[in-house]
Number of protein chains: 2
Amino acid sequence: MTDMQTSSTPTAALHPLDQALALEGTGPGRYQGRITQAYWNMVGPYGGLTAALVLEAVMRHPDLLGEPVALTVNYAAALAEGAFTVEATPVRTTRSTQHWTISVLQAGADGGAPQVATTATVLTAQRRETWSGADLPMPEVPGWAECAPVPPVFPVQWLQRYEMRPVAGMLPAQWDGSEHDSTTQLWVRDAPARPLDFPSLAALADVFYPRIWRRRALRVPAGTVSMTVYFHAGAELLARTGDAPLLGQARAQAFHNGFFDQTGQLWNEAGTLLATTHQIVYYKE
Amino acid sequence: MTDMQTSSTPTAALHPLDQALALEGTGPGRYQGRITQAYWNMVGPYGGLTAALVLEAVMRHPDLLGEPVALTVNYAAALAEGAFTVEATPVRTTRSTQHWTISVLQAGADGGAPQVATTATVLTAQRRETWSGADLPMPEVPGWAECAPVPPVFPVQWLQRYEMRPVAGMLPAQWDGSEHDSTTQLWVRDAPARPLDFPSLAALADVFYPRIWRRRALRVPAGTVSMTVYFHAGAELLARTGDAPLLGQARAQAFHNGFFDQTGQLWNEAGTLLATTHQIVYYKE
């Protein structure tokens with residue numbers, strides 16, 4: 001962190017996401033960073049930020065082969081404000097693919113030995129150009145410019161890090177326990193706007209509020225315990241998408257005794273499906 | 001393995017899946033097993049079997065808390081016939097959840113030091129009874145009894161371990177490069193029939209042939225590199241489902257430069273969504 005803060009780029013000019021993703025190498029595949037209030041959620045940082053941090057550690061590794069294809073993040077414990085260590089290990093490398101395991105560690109509140117707070121696996125690959133195609137067209141919805149931005153619906157920091165423009169299925173107007181389908185569609189981008197890359201796309205995969213809130217119109221406690229993101233774009237396409245908004249869509253498939261799933265998609269304005277994502281979410285009632 | 005073979009239950013009476021899942025404890029969270037031809041695919045065992053093995057190792061661990069909720073398996077390298085070691089570690093346990101990391105190791109063909117062939121993460125949890133519901137009803141399709149079984153379409157061993165009754169979207173009749181949507185629906189159960197449990201359900205999540213074959217009517221090389229399964233049922237419901245068939249449905253969302261995704265569901269005959277699953281698959285053209 002010291003390096004960054006004393007570099008010639010003033011900290012004030014750095015995007016909040018880039019500040020949050022600042023990592024200092026302390027050994028092979030081992031980095032230190034710091035959790036701040038910038039992306040704070042209820043009891044820890046925004047889960048999308050943790051996903052971005054995991055991916056950032058892989059992408060900084062000197063032995064990296066290719067680009068991210070798949071990411072699974074397991075939220076074993078809430079991260080606290082302050083220093084953390086992230087370890088990224090390439091466990092198996094073939095000619096064109098590389099499998100990674102990643103851990104985020106943090107000392108306990110009592111200052112004890114660091115404990116694993118997050119586990120993750122990542123697949124990176126050197127892609128070759130092949131026939132490509134989508135099997136899920138972008139839904140026909142009003143464009144970003146036609147949709148009105150909404151202010152953050154809850155006073156949590158991370159919601160201020162995104163501009164969201166609801167299309168359909170936003171938070172229930174009344175918490176009355178009436179049942180609805182669980183689908184949400186919204187336009188979203190970083191706030192302030194920031195050119196898209198793999199870590200920011202991973203973070204965007206987690207922007208959807210808990211599906212149980214919409215399904216039941218009840219604001220019960222809920223939190224993601226595992227999220228998977230599949231990337232269907234290379235760095236070049238992400239760069240071409242730039243800081244334009246993405247269309248996000250998410251729905252649940254099943255709610256069962258304390259855990260529900262969410263399946264989602266993120267398209268760019270041109271209608272290209274950049275990422276598909278799934279998560280399993282704890283809920284209490 | 002020796003224990004099993006000398007036990008009072010004759011080996012011949014064991015279901016092929018139970019034979020394949022036989023593990024011998026060799027240390028805390030450390031087990032040895034053996035890959036045979038029983039579930040052999042093209043260049044290694046059926047990916048669903050590897051998923052089941054990973055889960056079996058977790059479920060045999062003396063410190064296990066609760067039941068499986070989520071499983072991600074990364075196929076880093078093909079497993080070979082012969083002995084393997086699986087290591088399952090509970091990295092973080094809370095009051096009601098437990099996060100696991102798992103590795104399957106096997107000595108290289110040159111007899112060198114064991115290498116990681118498979119990585120995985122598992123979430124287990126002690127569920128409490130809550131409001132539960134589905135958001136994706138089972139499609140209306142002809143029942144198991146109304147659909148005709150098909151013989152294995154390729155001469156690979158694992159296809160003989162399942163009885164499949166296609167409903168829609170089976171293999172193209174002609175490999176002519178004509179484009180189709182990627183959806184497949186089929187009834188499926190273990191052959192011979194076997195009472196459903198978590199490992200066998202995990203294995204069933206991988207029964208769908210590669211979506212690219214259907215999407216393009218071209219039989220190009222393809223192989224799963226990562227699969228995630230979310231369980232929406234407890235052991236009791238699986239036991240109640242017994243050895244009855246499940247309805248499986250799978251489709252792709254995007255195909256991009258060598259990797260496509262698959263999203264799928266498995267319902268029991270009563271229409272309860274038991275598991276949802278996703279995978280990312282390598283393809284070559």
# chains A, B, ... in the order shown; residues from 1 in each chain; ligands from 1
call {"tool": "residues_around", "arguments": {"residues": "A:Pro166", "least_positions_apart": "2", "cutoff": "9 Å", "atoms": "only C-alpha atoms", "output": "list in words"}}
result
Cys147, Ala148, Pro149, Val150, Met164, Ala168, Gly169, Met170, Thr184, Gln185, Leu186, Trp187 and Val188 of chain A
call {"tool": "write_last_selection", "arguments": {"atoms": "C-alpha atoms", "output": "PDB file, in the first residue's frame"}}
result
ATOM      1  CA  CYS A 147     -34.028   4.265 -17.737  1.00  0.00           C
ATOM      2  CA  ALA A 148     -33.829   6.507 -14.680  1.00  0.00           C
ATOM      3  CA  PRO A 149     -31.047   6.044 -12.137  1.00  0.00           C
ATOM      4  CA  VAL A 150     -32.169   5.186  -8.625  1.00  0.00           C
ATOM      5  CA  MET A 164     -27.983   1.272 -11.224  1.00  0.00           C
ATOM      6  CA  ALA A 168     -37.719  -4.707 -14.117  1.00  0.00           C
ATOM      7  CA  GLY A 169     -38.036  -6.574 -10.857  1.00  0.00           C
ATOM      8  CA  MET A 170     -36.605  -4.048  -8.453  1.00  0.00           C
ATOM      9  CA  THR A 184     -34.524  -8.658 -11.847  1.00  0.00           C
ATOM     10  CA  GLN A 185     -33.144  -6.761 -14.845  1.00  0.00           C
ATOM     11  CA  LEU A 186     -31.053  -3.623 -14.504  1.00  0.00           C
ATOM     12  CA  TRP A 187     -28.447  -1.505 -16.237  1.00  0.00           C
ATOM     13  CA  VAL A 188     -25.355  -1.036 -14.117  1.00  0.00           C
TER      14      VAL A 188
END
call {"tool": "closest_atom_pairs", "arguments": {"of": "chain B", "to": "chain A", "cutoff": "6 Å", "atoms": "only C-alpha atoms", "output": "CSV"}}
result
residue,atom,partner,partner_atom,distance
B:Arg127,CA,A:Asn257,CA,5.9
B:Arg128,CA,A:Asn257,CA,5.7
B:Glu129,CA,A:Asn257,CA,4.9
B:Thr130,CA,A:Asn257,CA,4.8
B:Ser132,CA,A:His256,CA,4.6
B:Gly133,CA,A:Phe255,CA,5.1
B:Ala134,CA,A:Ala254,CA,4.4
B:Asp135,CA,A:Gln253,CA,4.8
B:Leu136,CA,A:Gln253,CA,5.1
B:His232,CA,A:His256,CA,5.5
B:Gln253,CA,A:Asp135,CA,4.8
B:Ala254,CA,A:Ala134,CA,4.4
B:Phe255,CA,A:Ser132,CA,5.0
B:His256,CA,A:Ser132,CA,4.6
B:Asn257,CA,A:Thr130,CA,4.8
call {"tool": "closest_residue", "arguments": {"among": "B:Gln19, B:Asn268, B:Thr224, B:Gln160", "to": "B:Ala244", "atoms": "only C-alpha atoms"}}
result
B:Asn268
call {"tool": "atom_distance", "arguments": {"atom1": "atom CA of A:Met42", "atom2": "atom CA of A:Trp213"}}
result
15.6 Å
call {"tool": "closest_residue", "arguments": {"among": "B:Leu171, B:Met138, B:Ala107, B:Leu204", "to": "B:Ala270", "atoms": "only C-alpha atoms"}}
result
B:Met138
call {"tool": "select_by_dssp", "arguments": {"residues": "stretch 56-257 of chain A", "states": "helix (DSSP H, G or I)", "output": "number ranges by chain"}}
result
A: 56-60, 144-146, 157-161, 198-204, 211-216, 235-241
call {"tool": "atom_distance", "arguments": {"atom1": "atom CA of B:Arg60", "atom2": "atom CA of B:Gly25"}}
result
9.0 Å
call {"tool": "atom_distance", "arguments": {"atom1": "atom CA of B:Pro155", "atom2": "atom CA of B:Leu55"}}
result
27.4 Å
call {"tool": "closest_residue", "arguments": {"among": "B:Gly143, B:Gly108, B:Gly264, B:Pro16", "to": "B:Ala191", "atoms": "only C-alpha atoms"}}
result
B:Pro16
call {"tool": "closest_residue", "arguments": {"among": "B:Gln157, B:Gln174, B:Thr50, B:Thr124", "to": "B:Ser103", "atoms": "only C-alpha atoms"}}
result
B:Thr50
call {"tool": "select_by_dssp", "arguments": {"residues": "stretch 57-211 of chain B", "states": "strand (DSSP E or B)", "output": "VMD selection string"}}
result
chain B and resid 67 to 75 82 to 93 97 to 107 114 to 125 133 to 134 162 to 168 184 to 190
